[in-house]
$ cat protein-v4.pdb   # PDB, C-alpha atoms
ATOM      1  CA  MET C   1      -3.346 -18.638 -16.535
ATOM      2  CA  LYS C   2      -3.751 -15.253 -14.831
ATOM      3  CA  VAL C   3      -0.832 -12.854 -14.439
ATOM      4  CA  TYR C   4      -0.697 -10.039 -11.871
ATOM      5  CA  LEU C   5       2.045  -7.422 -11.964
ATOM      6  CA  GLY C   6       2.828  -5.747  -8.663
ATOM      7  CA  GLY C   7       5.506  -3.263  -7.716
ATOM      8  CA  GLU C   8       7.869  -5.984  -6.520
ATOM      9  CA  ALA C   9       6.769  -9.181  -8.209
ATOM     10  CA  GLU C  10       4.986 -10.892 -11.062
ATOM     11  CA  VAL C  11       2.458 -13.483  -9.908
ATOM     12  CA  ARG C  12       1.263 -16.216 -12.261
ATOM     13  CA  ILE C  13      -1.771 -18.213 -11.168
ATOM     14  CA  LEU C  14      -2.125 -21.647 -12.729
ATOM     15  CA  GLU C  15      -4.680 -24.382 -11.956
ATOM     16  CA  ASP C  16      -3.169 -25.614  -8.687
ATOM     17  CA  ILE C  17      -0.068 -23.492  -8.154
ATOM     18  CA  VAL C  18       1.040 -19.881  -7.855
ATOM     19  CA  ILE C  19       4.430 -18.764  -9.169
ATOM     20  CA  LYS C  20       5.740 -15.534  -7.633
ATOM     21  CA  ARG C  21       8.867 -14.039  -9.207
ATOM     22  CA  ARG C  22      10.535 -10.899  -7.902
ATOM     23  CA  LYS C  23      11.166  -8.466 -10.728
ATOM     24  CA  PRO C  24      14.656  -7.096 -11.393
ATOM     25  CA  LYS C  25      15.131  -3.395 -10.641
ATOM     26  CA  ARG C  26      17.056  -1.728 -13.446
ATOM     27  CA  TYR C  27      18.120   1.195 -11.244
ATOM     28  CA  ARG C  28      20.174  -1.110  -8.966
ATOM     29  CA  ILE C  29      23.595  -2.549  -9.666
ATOM     30  CA  ARG C  30      22.897  -5.985 -11.124
ATOM     31  CA  GLU C  31      24.877  -8.008  -8.552
ATOM     32  CA  LEU C  32      23.244  -6.116  -5.682
ATOM     33  CA  ASP C  33      19.798  -6.520  -7.229
ATOM     34  CA  ASP C  34      20.326 -10.272  -7.705
ATOM     35  CA  GLU C  35      21.432 -10.634  -4.071
ATOM     36  CA  LEU C  36      18.520  -8.579  -2.707
ATOM     37  CA  ARG C  37      15.912 -10.468  -4.723
ATOM     38  CA  LEU C  38      17.415 -13.821  -3.695
ATOM     39  CA  ARG C  39      17.526 -12.857  -0.011
ATOM     40  CA  ARG C  40      13.999 -11.392   0.015
ATOM     41  CA  THR C  41      12.584 -14.425  -1.797
ATOM     42  CA  ARG C  42      14.168 -16.851   0.675
ATOM     43  CA  ASN C  43      13.027 -14.715   3.601
ATOM     44  CA  GLU C  44       9.444 -14.623   2.321
ATOM     45  CA  ALA C  45       9.357 -18.406   1.833
ATOM     46  CA  LYS C  46      10.815 -18.933   5.315
ATOM     47  CA  ILE C  47       8.237 -16.631   6.932
ATOM     48  CA  ILE C  48       5.335 -18.261   5.041
ATOM     49  CA  SER C  49       6.413 -21.691   6.311
ATOM     50  CA  HIS C  50       7.045 -20.404   9.848
ATOM     51  CA  SER C  51       3.615 -18.745   9.914
ATOM     52  CA  ARG C  52       2.005 -22.026   8.935
ATOM     53  CA  ARG C  53       3.875 -23.840  11.733
ATOM     54  CA  VAL C  54       2.523 -21.388  14.339
ATOM     55  CA  GLY C  55      -1.051 -22.027  13.200
ATOM     56  CA  VAL C  56      -1.736 -19.338  10.600
ATOM     57  CA  PRO C  57      -3.212 -20.791   7.382
ATOM     58  CA  THR C  58      -0.903 -20.035   4.446
ATOM     59  CA  PRO C  59      -0.202 -21.658   1.102
ATOM     60  CA  ILE C  60       2.265 -24.542   1.212
ATOM     61  CA  VAL C  61       5.623 -23.515  -0.272
ATOM     62  CA  LEU C  62       6.443 -26.137  -2.906
ATOM     63  CA  ASP C  63       9.738 -24.796  -4.221
ATOM     64  CA  VAL C  64      12.094 -21.830  -3.924
ATOM     65  CA  GLU C  65      14.650 -21.128  -6.600
ATOM     66  CA  ASN C  66      16.590 -17.885  -6.966
ATOM     67  CA  ASP C  67      13.988 -15.083  -7.140
ATOM     68  CA  THR C  68      10.951 -17.383  -7.501
ATOM     69  CA  ILE C  69       8.587 -19.076  -5.043
ATOM     70  CA  VAL C  70       6.206 -21.805  -6.186
ATOM     71  CA  MET C  71       3.246 -22.224  -3.832
ATOM     72  CA  GLU C  72       0.004 -24.087  -3.517
ATOM     73  CA  ARG C  73      -2.924 -22.140  -4.967
ATOM     74  CA  ILE C  74      -5.638 -21.337  -2.431
ATOM     75  CA  LYS C  75      -8.943 -21.357  -4.260
ATOM     76  CA  GLY C  76     -11.487 -19.107  -2.634
ATOM     77  CA  ARG C  77     -12.521 -15.486  -2.560
ATOM     78  CA  PRO C  78     -10.722 -12.405  -1.270
ATOM     79  CA  VAL C  79     -11.746 -11.565   2.280
ATOM     80  CA  LYS C  80     -12.696  -8.110   0.984
ATOM     81  CA  GLU C  81     -15.696  -9.756  -0.718
ATOM     82  CA  CYS C  82     -16.959 -11.617   2.362
ATOM     83  CA  MET C  83     -15.757  -9.595   5.363
ATOM     84  CA  SER C  84     -17.751  -9.941   8.581
ATOM     85  CA  GLU C  85     -17.162  -9.281  12.261
ATOM     86  CA  GLU C  86     -16.452 -12.979  12.823
ATOM     87  CA  ILE C  87     -13.883 -13.004  10.014
ATOM     88  CA  SER C  88     -12.216  -9.871  11.385
ATOM     89  CA  LYS C  89     -12.085 -11.500  14.826
ATOM     90  CA  GLU C  90     -10.433 -14.571  13.280
ATOM     91  CA  ILE C  91      -7.910 -12.332  11.505
ATOM     92  CA  GLY C  92      -7.136 -10.789  14.901
ATOM     93  CA  ARG C  93      -6.444 -14.250  16.327
ATOM     94  CA  TYR C  94      -4.089 -15.083  13.471
ATOM     95  CA  VAL C  95      -2.238 -11.762  13.657
ATOM     96  CA  ALA C  96      -1.704 -12.376  17.397
ATOM     97  CA  ARG C  97      -0.115 -15.736  16.522
ATOM     98  CA  LEU C  98       2.164 -14.044  14.004
ATOM     99  CA  HIS C  99       3.180 -11.368  16.490
ATOM    100  CA  ARG C 100       3.803 -13.883  19.283
ATOM    101  CA  ALA C 101       6.175 -15.650  16.858
ATOM    102  CA  GLY C 102       7.984 -12.359  16.151
ATOM    103  CA  ILE C 103       6.552 -12.048  12.632
ATOM    104  CA  VAL C 104       5.387  -8.682  11.307
ATOM    105  CA  HIS C 105       3.280  -9.202   8.187
ATOM    106  CA  GLY C 106       3.754  -5.698   6.810
ATOM    107  CA  ASP C 107       0.610  -5.581   4.649
ATOM    108  CA  ILE C 108      -2.429  -6.935   6.489
ATOM    109  CA  THR C 109      -5.329  -6.024   4.215
ATOM    110  CA  PRO C 110      -8.490  -7.881   3.171
ATOM    111  CA  MET C 111      -7.010  -8.257  -0.338
ATOM    112  CA  ASN C 112      -4.060 -10.247   1.047
ATOM    113  CA  MET C 113      -6.281 -12.897   2.595
ATOM    114  CA  ILE C 114      -8.483 -15.528   0.999
ATOM    115  CA  GLU C 115     -11.507 -17.260   2.523
ATOM    116  CA  CYS C 116     -11.515 -20.920   1.551
ATOM    117  CA  GLU C 117     -13.876 -23.507   3.041
ATOM    118  CA  GLY C 118     -14.446 -21.445   6.174
ATOM    119  CA  ARG C 119     -10.762 -20.703   6.810
ATOM    120  CA  ILE C 120      -8.870 -17.463   6.318
ATOM    121  CA  PHE C 121      -5.552 -17.873   4.474
ATOM    122  CA  PHE C 122      -2.832 -15.214   4.524
ATOM    123  CA  VAL C 123      -1.381 -15.233   1.007
ATOM    124  CA  ASP C 124       1.067 -12.339   0.558
ATOM    125  CA  PHE C 125       4.141 -12.118   2.775
ATOM    126  CA  GLY C 126       6.207  -9.985   0.403
ATOM    127  CA  LEU C 127       6.694  -7.251   3.023
ATOM    128  CA  ALA C 128       6.963  -9.549   6.067
ATOM    129  CA  PHE C 129       9.925  -9.513   8.436
ATOM    130  CA  TYR C 130      10.956 -10.633  11.911
ATOM    131  CA  ASP C 131      10.723  -8.116  14.739
ATOM    132  CA  ASN C 132       9.628  -8.364  18.390
ATOM    133  CA  ARG C 133       9.249  -4.632  19.022
ATOM    134  CA  ILE C 134       5.911  -2.988  19.775
ATOM    135  CA  GLU C 135       6.225  -0.211  17.144
ATOM    136  CA  PRO C 136       6.379  -2.414  13.997
ATOM    137  CA  MET C 137       3.587  -4.616  15.361
ATOM    138  CA  GLY C 138       1.528  -1.487  16.066
ATOM    139  CA  VAL C 139       2.124  -0.349  12.489
ATOM    140  CA  ASP C 140       1.020  -3.811  11.302
ATOM    141  CA  VAL C 141      -2.303  -3.449  13.135
ATOM    142  CA  HIS C 142      -2.676   0.193  12.066
ATOM    143  CA  VAL C 143      -2.347  -0.821   8.389
ATOM    144  CA  TYR C 144      -5.193  -3.303   8.895
ATOM    145  CA  PHE C 145      -7.384  -0.672  10.581
ATOM    146  CA  GLU C 146      -6.738   1.795   7.756
ATOM    147  CA  SER C 147      -7.647  -0.840   5.158
ATOM    148  CA  LEU C 148     -10.940  -1.402   7.002
ATOM    149  CA  LYS C 149     -11.665   2.331   7.017
ATOM    150  CA  ALA C 150     -10.998   2.531   3.292
ATOM    151  CA  SER C 151     -13.224  -0.419   2.374
ATOM    152  CA  PHE C 152     -16.116  -0.873   4.808
ATOM    153  CA  GLU C 153     -18.823   1.368   6.250
ATOM    154  CA  ASN C 154     -18.944  -0.741   9.435
ATOM    155  CA  TRP C 155     -15.150  -0.513   9.877
ATOM    156  CA  GLU C 156     -15.409   0.389  13.575
ATOM    157  CA  ARG C 157     -17.260  -2.847  14.403
ATOM    158  CA  LEU C 158     -14.775  -4.798  12.273
ATOM    159  CA  ARG C 159     -11.886  -3.089  14.085
ATOM    160  CA  ASP C 160     -13.370  -3.901  17.492
ATOM    161  CA  ALA C 161     -13.902  -7.546  16.487
ATOM    162  CA  PHE C 162     -10.242  -7.748  15.383
ATOM    163  CA  VAL C 163      -9.088  -6.325  18.730
ATOM    164  CA  GLU C 164     -11.256  -8.843  20.586
ATOM    165  CA  GLY C 165      -9.757 -11.750  18.632
ATOM    166  CA  TYR C 166      -6.219 -10.378  18.893
ATOM    167  CA  LEU C 167      -6.335 -10.010  22.670
ATOM    168  CA  ALA C 168      -8.147 -13.337  23.199
ATOM    169  CA  ALA C 169      -5.340 -15.117  21.293
ATOM    170  CA  GLY C 170      -2.630 -13.613  23.478
ATOM    171  CA  GLY C 171      -1.775 -10.528  21.456
ATOM    172  CA  SER C 172      -0.239  -7.703  23.454
ATOM    173  CA  PRO C 173      -2.532  -4.878  24.614
ATOM    174  CA  ASP C 174       0.519  -2.621  24.124
ATOM    175  CA  VAL C 175       0.392  -3.318  20.373
ATOM    176  CA  ILE C 176      -3.259  -2.241  20.192
ATOM    177  CA  GLU C 177      -2.434   0.866  22.216
ATOM    178  CA  ARG C 178       0.461   1.648  19.873
ATOM    179  CA  ALA C 179      -1.809   1.285  16.821
ATOM    180  CA  LYS C 180      -4.108   3.916  18.386
ATOM    181  CA  GLU C 181      -1.121   6.199  19.036
ATOM    182  CA  ILE C 182      -0.003   5.829  15.410
ATOM    183  CA  GLU C 183      -3.479   6.839  14.254
ATOM    184  CA  GLU C 184      -3.340   9.895  16.523
ATOM    185  CA  ARG C 185       0.062  10.845  15.105
ATOM    186  CA  GLY C 186      -1.487  10.780  11.637
ATOM    187  CA  ARG C 187      -4.360  12.981  12.749
ATOM    188  CA  TYR C 188      -1.915  15.433  14.329
ATOM    189  CA  VAL C 189       0.103  15.667  11.106
ATOM    190  CA  GLU C 190      -3.124  16.249   9.128
ATOM    191  CA  ARG C 191      -4.219  19.040  11.537
ATOM    192  CA  VAL C 192      -0.813  20.731  11.482
ATOM    193  CA  SER C 193      -0.580  20.631   7.682
ATOM    194  CA  MET C 194      -4.063  22.178   7.373
ATOM    195  CA  GLU C 195      -3.209  25.123   9.636
TER     196      GLU C 195
END
$ encode --input "protein-v4.pdb" --output "structure tokens"
Amino acid sequence: MKVYLGGEAEVRILEDIVIKRRKPKRYRIRELDDELRLRRTRNEAKIISHSRRVGVPTPIVLDVENDTIVMERIKGRPVKECMSEEISKEIGRYVARLHRAGIVHGDITPMNMIECEGRIFFVDFGLAFYDNRIEPMGVDVHVYFESLKASFENWERLRDAFVEGYLAAGGSPDVIERAKEIEERGRYVERVSME
């Protein structure tokens, strides 16, 4: 068994299942903390299942109890280890499906996707939420672009492939435009702080 400790959850990986348990936060009132963890766990499980129904490969949710989700284990390799323009284009198609369903993933990075038998699975929906507005979807795409910049020398080609897939699958051009605006805002803040 492998155990991964994140900021929000402990993830245990067994042979065929993954157990994700949201960790209590000692700084919160216990009743409030219990309610938040319960609500966020249910929301994550609901969004994983909804994403699967709209055609985005995700693990199958096997059980949800209190602050714990039990899911199918996807055996493969992190997309970070096998990224290509075709994979980035496929990610763009899937993100368009999420956005058309009103789902904002919140953390689209190559480490939150697994390549398994030629398919790309989205595996971490801990920050996902429902929203139909352009701004949160633009932030979603911007996070992906920044993760490409941080990890790959050919990030511009990977970004362009994502955009191609996103638009081809019915993603909004306004979301792509907003992601560019968000990047410009960041550059402006950097320039101002350096002056």
$ closest_residue --input "protein-v4.pdb" --among "C:His142, C:Lys20, C:Arg42, C:Arg53" --to "Phe162 in chain C" --atoms "all atoms listed in the file"
C:His142
$ resolve_selection --input "protein-v4.pdb" --expression "the PyMOL selection byres ((chain C and resi 92-109) around 9)" --output "ChimeraX atom specification"
/C:47,50-51,54-57,79-80,87-91,110-113,120,122,124-133,136-137,139-141,143-148,161-172
$ resolve_selection --input "protein-v4.pdb" --expression "the PyMOL selection byres ((chain C and resi 41) around 9)" --output "list in words"
Arg21, Arg22, Leu36, Arg37, Leu38, Arg39, Arg40, Arg42, Asn43, Glu44, Ala45, Lys46, Val64, Glu65, Asn66, Asp67, Thr68, Ile69 and Gly126 of chain C
$ atom_distance --input "protein-v4.pdb" --atom1 "CA of Leu158 in chain C" --atom2 "CA of Ile182 in chain C"
18.5 Å
$ resolve_selection --input "protein-v4.pdb" --expression "the PyMOL selection byres ((chain C and resi 70) around 6)" --output "JSON, numbers by chain"
{"C": [18, 19, 62, 63, 69, 71]}
$ atom_distance --input "protein-v4.pdb" --atom1 "CA of Ile134 in chain C" --atom2 "CA of Glu183 in chain C"
14.7 Å
$ atom_distance --input "protein-v4.pdb" --atom1 "CA of Arg185 in chain C" --atom2 "CA of Arg159 in chain C"
18.4 Å
$ residues_around --input "protein-v4.pdb" --residues "range 74-76 of chain C" --least-positions-apart "5" --cutoff "7 Å" --atoms "all atoms listed in the file" --output "count of residues only"
4
$ closest_residue --input "protein-v4.pdb" --among "C:Arg119, C:Arg30, C:Lys23, C:Lys2" --to "Thr58 in chain C" --atoms "all atoms listed in the file"
C:Arg119
$ closest_residue --input "protein-v4.pdb" --among "C:Val3, C:Glu135, C:Lys25, C:Val61" --to "Asp174 in chain C" --atoms "only C-alpha atoms"
C:Glu135
$ axis_aligned_box --input "protein-v4.pdb" --around "range 135-144 of chain C" --padding-each-side "4 Å" --output "lines of an AutoDock Vina configuration file"
center_x = 0.6
center_y = -2.2
center_z = 12.8
size_x = 19.6
size_y = 12.8
size_z = 16.8
